[in-house]
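Data from query_36.cif: mmCIF, C-alpha atoms
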data_start
#
loop_
_atom_site.label_atom_id
_atom_site.label_comp_id
_atom_site.auth_asym_id
_atom_site.auth_seq_id
_atom_site.Cartn_x
_atom_site.Cartn_y
_atom_site.Cartn_z
CA MET A 2 11.16 -29.68 49.59
CA ALA A 3 7.71 -29.03 51.07
CA ASP A 4 8.93 -25.77 52.65
CA LEU A 5 10.17 -24.63 49.24
CA ALA A 6 6.83 -25.46 47.65
CA PHE A 7 4.94 -23.49 50.31
CA LEU A 8 7.25 -20.51 49.92
CA LEU A 9 6.69 -20.46 46.17
CA VAL A 10 2.91 -20.73 46.60
CA ILE A 11 2.95 -17.85 49.08
CA PHE A 12 5.06 -15.80 46.66
CA PHE A 13 2.56 -16.25 43.83
CA MET A 14 -0.40 -15.55 46.12
CA VAL A 15 1.13 -12.25 47.17
CA THR A 16 2.24 -11.11 43.73
CA SER A 17 -0.86 -12.10 41.76
CA ASN A 18 -3.27 -9.38 40.69
CA PHE A 19 -6.84 -10.25 39.92
CA VAL A 20 -8.02 -9.09 36.51
CA LYS A 21 -10.88 -6.71 37.30
CA GLU A 22 -12.62 -6.99 33.95
CA ALA A 23 -12.29 -10.72 33.38
CA HIS A 24 -16.11 -11.01 33.08
CA VAL A 25 -16.43 -8.18 30.54
CA GLU A 26 -16.76 -9.47 26.98
CA LEU A 27 -15.03 -7.42 24.37
CA GLU A 28 -12.55 -7.61 21.54
CA GLU A 29 -9.75 -5.08 21.86
CA ALA A 30 -8.85 -2.70 19.09
CA SER A 31 -5.36 -3.17 17.68
CA SER A 32 -2.62 -0.97 16.28
CA PRO A 33 1.11 -1.42 15.58
CA ASP A 34 1.74 1.84 17.48
CA VAL A 35 0.68 0.35 20.81
CA GLU A 36 3.37 0.06 23.49
CA PRO A 37 3.45 -1.53 26.95
CA MET A 38 2.45 1.01 29.57
CA LYS A 39 2.21 1.32 33.31
CA GLU A 40 -1.05 -0.03 34.72
CA SER A 41 -3.31 2.54 36.31
CA GLN A 42 -5.67 2.05 39.24
CA LEU A 43 -8.64 3.47 37.31
CA SER A 44 -10.23 1.66 34.41
CA VAL A 45 -13.25 2.22 32.22
CA THR A 46 -14.41 -0.47 29.79
CA MET A 47 -17.12 -0.54 27.13
CA ASP A 48 -18.06 -4.09 26.14
CA LYS A 49 -19.39 -5.41 22.84
CA ASN A 50 -22.97 -4.48 23.82
CA GLY A 51 -22.02 -0.86 24.48
CA ASP A 52 -22.38 -1.23 28.26
CA LEU A 53 -20.01 0.74 30.46
CA TRP A 54 -17.97 -0.79 33.28
CA LEU A 55 -16.18 1.36 35.84
CA GLN A 56 -13.55 -0.51 37.90
CA GLY A 57 -15.13 -3.79 36.74
CA LYS A 58 -18.64 -2.80 37.90
CA PRO A 59 -21.58 -1.73 35.67
CA CYS A 60 -21.90 2.04 35.40
CA PRO A 61 -24.65 4.03 33.63
CA ALA A 62 -23.26 6.52 31.12
CA ALA A 63 -24.99 9.42 32.89
CA VAL A 64 -23.00 8.97 36.11
CA LEU A 65 -19.63 8.15 34.53
CA GLU A 66 -18.29 11.69 34.82
CA GLU A 67 -19.20 11.98 38.51
CA GLY A 68 -17.87 8.52 39.24
CA ILE A 69 -14.52 9.24 37.61
CA ARG A 70 -14.26 12.60 39.34
CA ALA A 71 -14.85 10.95 42.73
CA LEU A 72 -12.32 8.18 42.03
CA ILE A 73 -9.67 10.69 40.95
CA LEU A 74 -10.17 12.61 44.21
CA GLU A 75 -10.07 9.40 46.22
CA ARG A 76 -7.03 7.78 44.56
CA GLY A 77 -5.09 10.89 43.56
CA ASP A 78 -4.37 9.30 40.17
CA LYS A 79 -5.73 11.01 37.06
CA VAL A 80 -4.77 8.35 34.53
CA VAL A 81 -7.77 6.29 33.40
CA MET A 82 -7.25 3.18 31.28
CA LEU A 83 -9.96 3.15 28.63
CA LYS A 84 -10.75 -0.09 26.82
CA ILE A 85 -13.52 -0.21 24.20
CA ASP A 86 -14.71 -3.05 21.97
CA LYS A 87 -13.43 -2.57 18.43
CA ASP A 88 -16.86 -2.63 16.77
CA ILE A 89 -18.51 0.06 18.90
CA ARG A 90 -19.50 3.13 16.90
CA GLN A 91 -18.58 6.73 17.61
CA GLU A 92 -22.11 7.64 18.76
CA LYS A 93 -21.53 5.41 21.80
CA TYR A 94 -17.84 5.93 22.62
CA GLY A 95 -17.71 9.66 21.77
CA PRO A 96 -19.61 10.70 24.95
CA VAL A 97 -17.28 8.51 27.04
CA PHE A 98 -14.25 10.49 25.86
CA MET A 99 -16.02 13.77 26.62
CA ALA A 100 -17.13 12.59 30.07
CA LEU A 101 -13.58 11.54 30.97
CA SER A 102 -12.15 14.77 29.65
CA LYS A 103 -14.67 16.86 31.61
CA ALA A 104 -13.90 14.88 34.77
CA GLY A 105 -10.26 15.90 34.44
CA ALA A 106 -8.98 12.44 33.64
CA GLU A 107 -5.90 11.68 31.58
CA ILE A 108 -7.02 9.06 29.10
CA ALA A 109 -4.81 6.08 28.32
CA LEU A 110 -6.23 3.97 25.49
CA VAL A 111 -5.66 0.23 25.87
CA GLY A 112 -5.44 -2.12 22.91
CA ARG A 113 -3.59 -4.99 21.32
CA LYS A 114 -0.29 -4.80 19.53
CA GLU A 115 -0.87 -5.48 15.86
CA LYS A 116 2.07 -6.87 13.93
CA GLU A 117 3.07 -4.57 11.08
CA MET B 167 9.58 -68.32 73.79
CA ALA B 168 9.33 -64.59 73.23
CA LEU B 169 6.52 -63.42 71.14
CA HIS B 170 7.38 -60.52 68.98
CA LYS B 171 4.37 -58.48 68.31
CA SER B 172 5.09 -56.27 65.40
CA ARG B 173 3.13 -53.13 65.10
CA THR B 174 1.95 -52.35 61.68
CA LEU B 175 2.38 -48.69 60.98
CA PHE B 176 0.03 -47.20 58.48
CA GLU B 177 1.93 -44.44 56.73
CA ILE B 178 1.36 -42.75 53.44
CA ASP B 179 4.49 -41.89 51.57
CA VAL B 180 4.02 -38.21 50.65
CA THR B 181 7.36 -37.77 48.92
CA SER B 182 5.70 -38.12 45.52
CA PHE B 183 3.08 -35.48 46.39
CA ALA B 184 5.81 -32.97 47.17
CA ASP B 185 7.58 -33.85 43.91
CA ILE B 186 4.37 -33.32 41.91
CA ALA B 187 3.68 -30.02 43.69
CA VAL B 188 7.16 -28.72 42.91
CA LEU B 189 6.90 -29.86 39.28
CA LEU B 190 3.54 -28.09 38.90
CA ILE B 191 4.91 -24.91 40.42
CA ILE B 192 7.93 -24.99 38.11
CA PHE B 193 5.60 -25.54 35.15
CA PHE B 194 3.47 -22.49 36.05
CA ILE B 195 6.57 -20.35 36.72
CA LEU B 196 7.83 -21.10 33.23
CA THR B 197 4.52 -20.72 31.41
CA THR B 198 3.07 -17.70 33.22
CA THR B 199 3.12 -14.45 31.31
CA PHE B 200 2.41 -11.33 33.25
CA MET B 201 -0.40 -9.30 31.70
CA VAL B 202 0.97 -5.90 30.87
CA PRO B 203 -1.52 -3.39 29.56
CA ALA B 204 -0.56 -2.02 26.17
CA GLY B 205 -1.70 1.26 24.73
CA ASN B 206 -0.81 4.88 24.77
CA LYS B 207 -1.61 7.80 26.97
CA LEU B 208 -3.41 10.53 25.03
CA GLU B 209 -1.96 13.98 25.08
CA ILE B 210 -4.92 16.35 25.08
CA PRO B 211 -4.45 20.15 25.10
CA SER B 212 -5.33 21.79 28.40
CA GLY B 213 -7.59 24.84 28.41
CA SER B 214 -10.00 25.89 25.71
CA THR B 215 -9.09 27.43 22.42
CA ASP B 216 -11.12 29.46 19.97
CA PRO B 217 -12.79 26.87 17.71
CA ALA B 218 -12.59 29.12 14.65
CA GLN B 219 -8.86 29.57 15.06
CA ALA B 220 -8.43 25.90 15.85
CA ASP B 221 -10.14 24.89 12.60
CA GLN B 222 -7.99 27.18 10.49
CA LYS B 223 -4.55 26.47 11.82
CA GLN B 224 -4.65 22.91 13.06
CA LEU B 225 -4.32 19.74 11.08
CA THR B 226 -7.69 18.07 10.67
CA ILE B 227 -8.44 14.41 10.05
CA ASN B 228 -12.01 13.51 9.07
CA LEU B 229 -13.31 10.01 9.66
CA THR B 230 -16.39 8.76 7.82
CA GLY B 231 -17.12 5.10 8.44
CA THR B 232 -13.76 3.44 7.87
CA ALA B 233 -12.56 6.14 5.46
CA ILE B 234 -9.77 8.48 6.58
CA ARG B 235 -9.48 11.92 4.99
CA TYR B 236 -6.37 13.96 5.73
CA GLY B 237 -5.90 17.71 5.92
CA PHE B 238 -7.83 20.55 4.35
CA GLU B 239 -7.79 18.85 0.94
CA GLY B 240 -9.54 15.85 2.41
CA ARG B 241 -7.18 13.40 0.74
CA ARG B 242 -8.30 9.85 1.36
CA MET B 243 -5.59 7.59 2.71
CA SER B 244 -4.98 4.32 4.50
CA VAL B 245 -3.74 4.05 8.08
CA GLU B 246 -0.18 3.30 6.85
CA GLU B 247 -0.22 6.39 4.64
CA LEU B 248 -1.62 8.44 7.53
CA ARG B 249 1.22 7.24 9.75
CA THR B 250 3.78 8.34 7.15
CA ALA B 251 2.07 11.72 6.65
CA LEU B 252 1.97 12.38 10.40
CA LEU B 253 5.66 11.54 10.78
CA LYS B 254 6.41 14.01 7.97
CA GLU B 255 4.67 16.74 10.01
CA ASN B 256 7.59 16.47 12.46
CA PHE B 257 5.54 17.43 15.51
CA LYS B 258 8.55 17.00 17.79
CA ALA B 259 10.18 20.12 16.37
CA LYS B 260 7.00 22.23 16.64
CA PRO B 261 5.67 24.23 19.59
CA PRO B 262 2.71 22.67 21.50
CA SER B 263 0.15 24.92 19.79
CA LYS B 264 1.20 23.63 16.36
CA ARG B 265 1.06 19.98 17.37
CA ILE B 266 -2.71 19.88 17.75
CA VAL B 267 -4.57 17.45 15.49
CA ILE B 268 -8.35 17.66 15.26
CA VAL B 269 -10.18 14.40 14.55
CA ASN B 270 -13.75 14.77 13.30
CA SER B 271 -15.79 11.58 13.28
CA THR B 272 -19.24 10.75 11.99
CA PRO B 273 -21.40 8.63 14.32
CA ASP B 274 -20.79 5.45 12.29
CA VAL B 275 -17.00 5.36 12.75
CA PRO B 276 -16.02 2.05 14.42
CA TYR B 277 -13.68 2.28 17.38
CA GLU B 278 -11.05 0.14 15.60
CA THR B 279 -10.55 2.89 12.99
CA TYR B 280 -10.58 5.67 15.58
CA PHE B 281 -8.09 3.78 17.74
CA GLU B 282 -5.65 3.27 14.86
CA VAL B 283 -5.82 6.97 13.92
CA VAL B 284 -5.39 8.16 17.51
CA MET B 285 -2.47 5.78 18.11
CA ALA B 286 -0.80 7.03 14.92
CA ILE B 287 -1.22 10.64 16.10
CA SER B 288 0.12 9.77 19.53
CA SER B 289 3.17 7.92 18.22
CA ALA B 290 3.97 10.90 15.96
CA ASP B 291 3.93 13.13 19.09
CA GLY B 292 0.79 14.91 17.99
CA VAL B 293 -1.75 16.30 20.46
CA LEU B 294 -5.34 15.14 20.00
CA ALA B 295 -8.15 17.67 20.27
CA LEU B 296 -11.55 16.40 21.38
CA LEU B 297 -14.43 18.37 19.91
CA GLU B 298 -17.94 18.47 21.30
CA GLU B 299 -20.52 18.18 18.57
CA GLU B 300 -22.94 20.77 19.96
CA GLY B 301 -20.70 23.71 20.77
CA LYS B 302 -17.68 22.67 18.68
CA THR B 303 -15.57 23.56 21.71
CA ALA B 304 -12.00 22.35 21.51
CA LYS B 305 -10.83 20.63 24.69
#
Final structure tokens representation of the file:
Amino acid sequence: MADLAFLLVIFFMVTSNFVKEAHVELEEASSPDVEPMKESQLSVTMDKNGDLWLQGKPCPAAVLEEGIRALILERGDKVVMLKIDKDIRQEKYGPVFMALSKAGAEIALVGRKEKE
Amino acid sequence: MALHKSRTLFEIDVTSFADIAVLLIIFFILTTTFMVPAGNKLEIPSGSTDPAQADQKQLTINLTGTAIRYGFEGRRMSVEELRTALLKENFKAKPPSKRIVIVNSTPDVPYETYFEVVMAISSADGVLALLEEEGKTAK
């Protein structure tokens, strides 16, 4: 019985993934057209204050493009998961799209499934 | 007379601990939901195109605040109506150059509105064009 319990605990320890952006406060945008997708290694998040987070760490907007370019070269994965708070205005998120596009990233927008 | 000295063994019965541990593990196995990211990968045209040509031939959606205006006529519509109109475009049957949709946004457009429009374009197999404000260069 105890062996079984330990095996199960070890299984969950090995298979668990830590949520990188657990400390980032934002409310996801929603759409009924959202579908489950494969998780990428690269993630960019803009929280409710308009602050940028790259891989769960604060990132100034001016260095986002360089940071993404370096990560793409390092990981070999171009897909970047982009999550932005639903109330952020275009003047703040527009440059993020351009920076990712210029860095050669393939943008995957992340949101919530909204019931139709 | 033989004296029997009995040793008192101090033991803690841990059977119940193991039972509780297994019950807790079974509870978390049943209640855990794996977090799967949900969204859509954007299809963005590769290479640059002539902005003048892009404006004339491609479908354009203009966003002002939370208002959505569709096509050259600038017909105002809701997200549901936009979804229906995009499906009617039948992008699947068109060549890649005809599937481009240009989305123009004013600075006050909230991301919720932009997200809904972009998801609708993506689910209709359209290709989103990102425009820079300064040079109006299609990317």
(message) Between CA of Leu252 in chain B and CA of Met38 in chain A, what is the distance in Å, rounded to a tenth?
(response) 22.3 Å
(request) Determine the residue set returned by the PyMOL selection byres ((chain A) within 6 of (chain B)) for the present structure, and present it as a PyMOL selection string. (result) chain A and resi 3+6+30+32+34-38+87-92+108-112
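Between CA of Phe98 in chain A and CA of Val269 in chain B the interatomic distance comes to 12.6 Å.
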Let me know the centre plus edge lengths, in Å and rounded to one decimal, of a box with edges along x, y and z that contains all listed atoms of range 67-85 of chain A and is padded by 6 Å on every side, as JSON.
{"center_x": -11.8, "center_y": 6.2, "center_z": 35.2, "size_x": 26.8, "size_y": 24.8, "size_z": 34.0}
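Distance-wise, CA of Cys60 in chain A and CA of Leu74 in chain A end up 18.1 Å apart.
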(message) Need the shell around Ala62 in chain A: protein/DNA/RNA residues with any atom at most 9 Å away, counting only C-alpha atoms. Skip same-chain ones fewer than 5 positions apart. Format as a list in words?
(response) Asp52, Leu53, Pro96, Val97 and Ala100 of chain A
